[in-house]
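First up is the structure itself, then whatever we jot down about it.
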Amino acid sequence: MKKIKCYAPATVANVVCGYDVLGFAIENPGDEVVVSFNDSNKTVITKIEGDNGKLPLNTEKNVVGHVVNLFLQQIKSDQGVNIELYKKMPLNSGLGSSAASSVGALVAVNELFGNPLTRTELLPIAMEGERLASGNAHADNVAPSLLGGLVLIRSYEPLDVIKLPSEMDLFVVSVHPHVDVPTGEARKIIRQQVPLKKAVEQWGNVAGLVAGFCTNDTALIGRSMKDVIIEPIRSMLIPYFDEMKVTALAHHAIGFGISGSGPSVFALCKKEEEAHTIASALHQLLSERNIICESLVTRINNKGAVIL
Ligand code: HSE
């Protein structure tokens, strides 16, 4: 029986100042999804590993089943599909866990059917996975997981997504404190109105960040990794956020911030050695304060999801 396996990378959404409009993929972790045909005319999730029993096998309640059903509707097929999901990252961690699962399932099932849809056509379907997971169809995790690299969502209506022409080889430190911050909740606490002065600061930084990535200017990236709108509110949900930021910047991080909606935080670094030093320092800072955490060092992933 033909089986297709896809690896879909984790992602860092927002990249500090670009709430809902910027995100990049990282080399690891990433989810693996295996799909094959079945004879039942139904989508069946046959196996989930690595989720500590937390994810539902019901296809309508699990993003992988949901997006595969939407894919089948779009290509007008009533073929049954079996899905195996191998979670390689914690749920609700701020690493785009649901996005990696949706993208992995879609890229795998598209390959199984001979690639009837382009990656750009898969994107709106993957966004429906995000709607199911968090109540909102944001694209800043699914787009970089699908396309790789740093991706800009210039517009949602109509959808206009640009993979930025940047191949910067930066190191990424990711630290996941074990506190619960579901994306849906972390979206509800954000203020819906922004004073013009703050908006001006924020869009200056978004433009600066994009310019910095496109011209390999790490100093400009660092100056632009500032969020005057979302971070001041959301950082309250992350233990010792300010101390971690001071520590990361003191150890030469280019910039530091919340990964997606948190609770993970991330730092961008020029050198691998610096990244490891920052990962250890942040790990120690949290451990000494009795916060369990995991840390990792990885790189920006420029490929996005791949068939294995
Ligand atoms: N842009 C989304 C948010 C990303 O910040 O809520 C969630 O990972």
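Every chain in the structure tokens has a letter given in the order shown (A, B, ...), and although residue numbers restart at 1 in each chain, ligands are simply numbered from 1 in the order shown.
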Please build the interface table for chain A against ligand 1 with a cut-off of 9 Å, listing for each qualifying residue the nearest atom pair and the distance in Å to one decimal; count only C-alpha atoms and all ligand atoms, order rows by chain and increasing number, and write it as a tab-separated table.
```
residue	atom	partner	partner_atom_place_in_ligand_line	distance
A:Thr11	CA	ligand 1	8 (O)	8.3
A:Val12	CA	ligand 1	8 (O)	7.4
A:Ala13	CA	ligand 1	4 (C)	5.1
A:Asn14	CA	ligand 1	1 (N)	5.4
A:Gly18	CA	ligand 1	1 (N)	8.0
A:Tyr19	CA	ligand 1	1 (N)	5.1
A:Asp20	CA	ligand 1	1 (N)	3.8
A:Val21	CA	ligand 1	1 (N)	7.1
A:Leu22	CA	ligand 1	1 (N)	8.0
A:Gly23	CA	ligand 1	1 (N)	8.3
A:Asn92	CA	ligand 1	8 (O)	8.6
A:Ser93	CA	ligand 1	8 (O)	8.6
A:Gly94	CA	ligand 1	8 (O)	5.4
A:Leu95	CA	ligand 1	8 (O)	6.7
A:Gly96	CA	ligand 1	8 (O)	5.4
A:Ser97	CA	ligand 1	8 (O)	8.4
A:Ser98	CA	ligand 1	8 (O)	8.9
A:Ala99	CA	ligand 1	8 (O)	8.5
A:Glu130	CA	ligand 1	7 (C)	8.8
A:Ser134	CA	ligand 1	7 (C)	8.3
A:Asn136	CA	ligand 1	6 (O)	8.4
A:His138	CA	ligand 1	1 (N)	6.2
A:Ala139	CA	ligand 1	1 (N)	7.6
A:Asp140	CA	ligand 1	1 (N)	5.8
A:Asn141	CA	ligand 1	8 (O)	6.2
A:Thr183	CA	ligand 1	6 (O)	5.6
A:Gly184	CA	ligand 1	6 (O)	7.3
A:Glu185	CA	ligand 1	6 (O)	8.9
A:Ala186	CA	ligand 1	6 (O)	6.5
A:Arg187	CA	ligand 1	6 (O)	5.3
A:Ile230	CA	ligand 1	5 (O)	8.3
A:Ile258	CA	ligand 1	5 (O)	8.8
A:Ser259	CA	ligand 1	8 (O)	7.2
A:Gly260	CA	ligand 1	8 (O)	3.8
A:Ser261	CA	ligand 1	5 (O)	4.2
A:Gly262	CA	ligand 1	8 (O)	7.3
```
- Quick one: everything within 7 Å of segment 286-296 of chain A, counting only C-alpha atoms, minus sequence neighbours fewer than 5 positions away in the same chain. Send it as number ranges by chain. A: 173-178, 279
- Task: Write out as JSON, numbers by chain each polymer residue whose atoms come within 12 Å of Val246 of chain A, counting only C-alpha atoms; drop sequence neighbours fewer than 5 positions from it.
- Result: {"A": [240, 241, 251, 252, 253, 254, 255, 256, 257, 267, 278, 281, 282, 285]}
- Item | Expected answer as a PyMOL selection string: strand (DSSP E) residues in segment 17-202 of chain A | chain A and resi 22-38+43-49+80-86+150-156+159-163+171-177
- Non-local contacts of segment 50-61 of chain A (10 Å; only C-alpha atoms; under 2 positions in same chain excluded) as a list in words: Asp31, Lys42, Thr43, Val44, Ile45, Thr46, Lys47, Ile48, Val63, Val64, Gly65, His66, Val67, Val68, Asn69, Ile83, Leu85, Tyr86, Lys87, Lys88, Met89, Pro90, Leu91, Gly129, Leu132 and Ala133 of chain A
- Compile the contact shell of Leu196 of chain A as number ranges by chain: residues with an atom at most 12 Å away, counting only C-alpha atoms, same-chain residues fewer than 4 positions apart removed. A: 200-203, 228-229
Would you save the residues from that selection as an mmCIF file, in the first residue's frame, using C-alpha atoms?
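This is the output file again38.cif:
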```
data_model
loop_
_atom_site.group_PDB
_atom_site.id
_atom_site.type_symbol
_atom_site.label_atom_id
_atom_site.label_comp_id
_atom_site.auth_asym_id
_atom_site.auth_seq_id
_atom_site.Cartn_x
_atom_site.Cartn_y
_atom_site.Cartn_z
ATOM 1 C CA VAL A 200 3.481 54.416 13.858
ATOM 2 C CA GLU A 201 6.217 52.880 16.015
ATOM 3 C CA GLN A 202 5.018 49.365 15.230
ATOM 4 C CA TRP A 203 4.817 49.715 11.462
ATOM 5 C CA VAL A 228 4.957 48.151 21.655
ATOM 6 C CA ILE A 229 1.428 46.755 21.224
#
```
- Task: Give me the residues within 6 Å of Ala100 of chain A as an MDAnalysis selection string, counting only C-alpha atoms and dropping any in the same chain fewer than 5 places off.
- Result: chainID A and resid 8:10 31
Next, dump the selected residues to file, keeping only N, CA and C atoms, as a short mmCIF file (atom, residue, chain, number, x, y, z; two decimals), in the first residue's frame.
```
data_model
loop_
_atom_site.label_atom_id
_atom_site.label_comp_id
_atom_site.auth_asym_id
_atom_site.auth_seq_id
_atom_site.Cartn_x
_atom_site.Cartn_y
_atom_site.Cartn_z
N ALA A 8 6.75 18.53 8.58
CA ALA A 8 6.37 19.96 8.52
C ALA A 8 6.96 20.67 9.74
N PRO A 9 7.75 21.73 9.50
CA PRO A 9 8.49 22.35 10.59
C PRO A 9 7.65 23.22 11.51
N ALA A 10 8.17 23.34 12.73
CA ALA A 10 7.64 24.33 13.68
C ALA A 10 7.96 25.72 13.17
N ASP A 31 6.52 18.23 12.94
CA ASP A 31 5.63 17.06 13.02
C ASP A 31 5.79 16.18 11.78
#
```
- Correct to one decimal, the distance atom CA of Cys6 of chain A-atom CA of Asn82 of chain A is 13.8 Å
Write out as an mmCIF file with all heavy atoms, in the first residue's frame which residues come within 9 Å of Lys2 of chain A when counting only C-alpha atoms, dropping same-chain ones fewer than 2 positions away.
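File written: part.cif
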```
data_model
loop_
_atom_site.group_PDB
_atom_site.id
_atom_site.type_symbol
_atom_site.label_atom_id
_atom_site.label_comp_id
_atom_site.auth_asym_id
_atom_site.auth_seq_id
_atom_site.Cartn_x
_atom_site.Cartn_y
_atom_site.Cartn_z
ATOM 1 N N ILE A 4 2.576 7.929 2.175
ATOM 2 C CA ILE A 4 3.367 9.151 1.995
ATOM 3 C C ILE A 4 3.589 9.773 3.363
ATOM 4 O O ILE A 4 2.647 9.933 4.152
ATOM 5 C CB ILE A 4 2.611 10.176 1.099
ATOM 6 C CG1 ILE A 4 2.288 9.591 -0.274
ATOM 7 C CG2 ILE A 4 3.399 11.480 0.994
ATOM 8 C CD1 ILE A 4 3.452 9.435 -1.208
ATOM 9 N N VAL A 35 0.167 9.432 5.359
ATOM 10 C CA VAL A 35 -1.182 9.208 4.813
ATOM 11 C C VAL A 35 -1.168 8.057 3.804
ATOM 12 O O VAL A 35 -0.143 7.787 3.170
ATOM 13 C CB VAL A 35 -1.754 10.476 4.119
ATOM 14 C CG1 VAL A 35 -1.987 11.600 5.107
ATOM 15 C CG2 VAL A 35 -0.847 10.951 2.996
ATOM 16 N N SER A 36 -2.318 7.402 3.699
ATOM 17 C CA SER A 36 -2.471 6.322 2.711
ATOM 18 C C SER A 36 -3.951 6.231 2.350
ATOM 19 O O SER A 36 -4.806 6.755 3.082
ATOM 20 C CB SER A 36 -1.973 4.995 3.290
ATOM 21 O OG SER A 36 -2.600 4.740 4.524
ATOM 22 N N PHE A 37 -4.244 5.566 1.242
ATOM 23 C CA PHE A 37 -5.652 5.376 0.863
ATOM 24 C C PHE A 37 -6.277 4.282 1.724
ATOM 25 O O PHE A 37 -5.581 3.368 2.169
ATOM 26 C CB PHE A 37 -5.757 4.952 -0.608
ATOM 27 C CG PHE A 37 -5.337 6.036 -1.578
ATOM 28 C CD1 PHE A 37 -4.419 5.757 -2.590
ATOM 29 C CD2 PHE A 37 -5.861 7.313 -1.496
ATOM 30 C CE1 PHE A 37 -4.037 6.750 -3.487
ATOM 31 C CE2 PHE A 37 -5.484 8.309 -2.391
ATOM 32 C CZ PHE A 37 -4.569 8.019 -3.380
ATOM 33 N N LEU A 112 -0.062 12.344 -2.131
ATOM 34 C CA LEU A 112 -0.736 11.046 -2.330
ATOM 35 C C LEU A 112 -1.637 11.082 -3.562
ATOM 36 O O LEU A 112 -1.758 10.105 -4.287
ATOM 37 C CB LEU A 112 -1.552 10.710 -1.065
ATOM 38 C CG LEU A 112 -2.223 9.340 -0.990
ATOM 39 C CD1 LEU A 112 -1.179 8.232 -0.891
ATOM 40 C CD2 LEU A 112 -3.159 9.267 0.229
#
```
- Write down as JSON, numbers by chain the residues of segment 26-211 of chain A whose backbone DSSP state falls under helix (DSSP H, G or I). {"A": [63, 64, 65, 66, 67, 68, 69, 70, 71, 72, 73, 74, 97, 98, 99, 100, 101, 102, 103, 104, 105, 106, 107, 108, 109, 110, 111, 112, 119, 120, 121, 122, 123, 124, 125, 126, 127, 128, 129, 130, 131, 132, 133, 134, 142, 143, 144, 145, 146, 147, 183, 184, 185, 186, 187, 188, 196, 197, 198, 199, 200, 201, 202, 203, 204, 205, 206, 207, 208, 209, 210, 211]}
- Note on the structure: If you count only C-alpha atoms, the residue of A:Leu152, A:Ala275, A:Val172, A:Ile189 closest to Leu209 of chain A turns out to be A:Leu152
- Message: My list of candidates is A:Pro124, A:Leu268, A:Arg119, A:Val297. Which is closest to Pro158 of chain A when distances are computed with only C-alpha atoms?
- Response: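 Checking each of A:Pro124, A:Leu268, A:Arg119, A:Val297 against Pro158 of chain A, counting only C-alpha atoms, the winner is A:Pro124.
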- Interatomic distance, atom CA of Pro116 of chain A to atom CA of Ile75 of chain A (Å, one decimal):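 Between atom CA of Pro116 of chain A and atom CA of Ile75 of chain A the gap works out to 7.5 Å.
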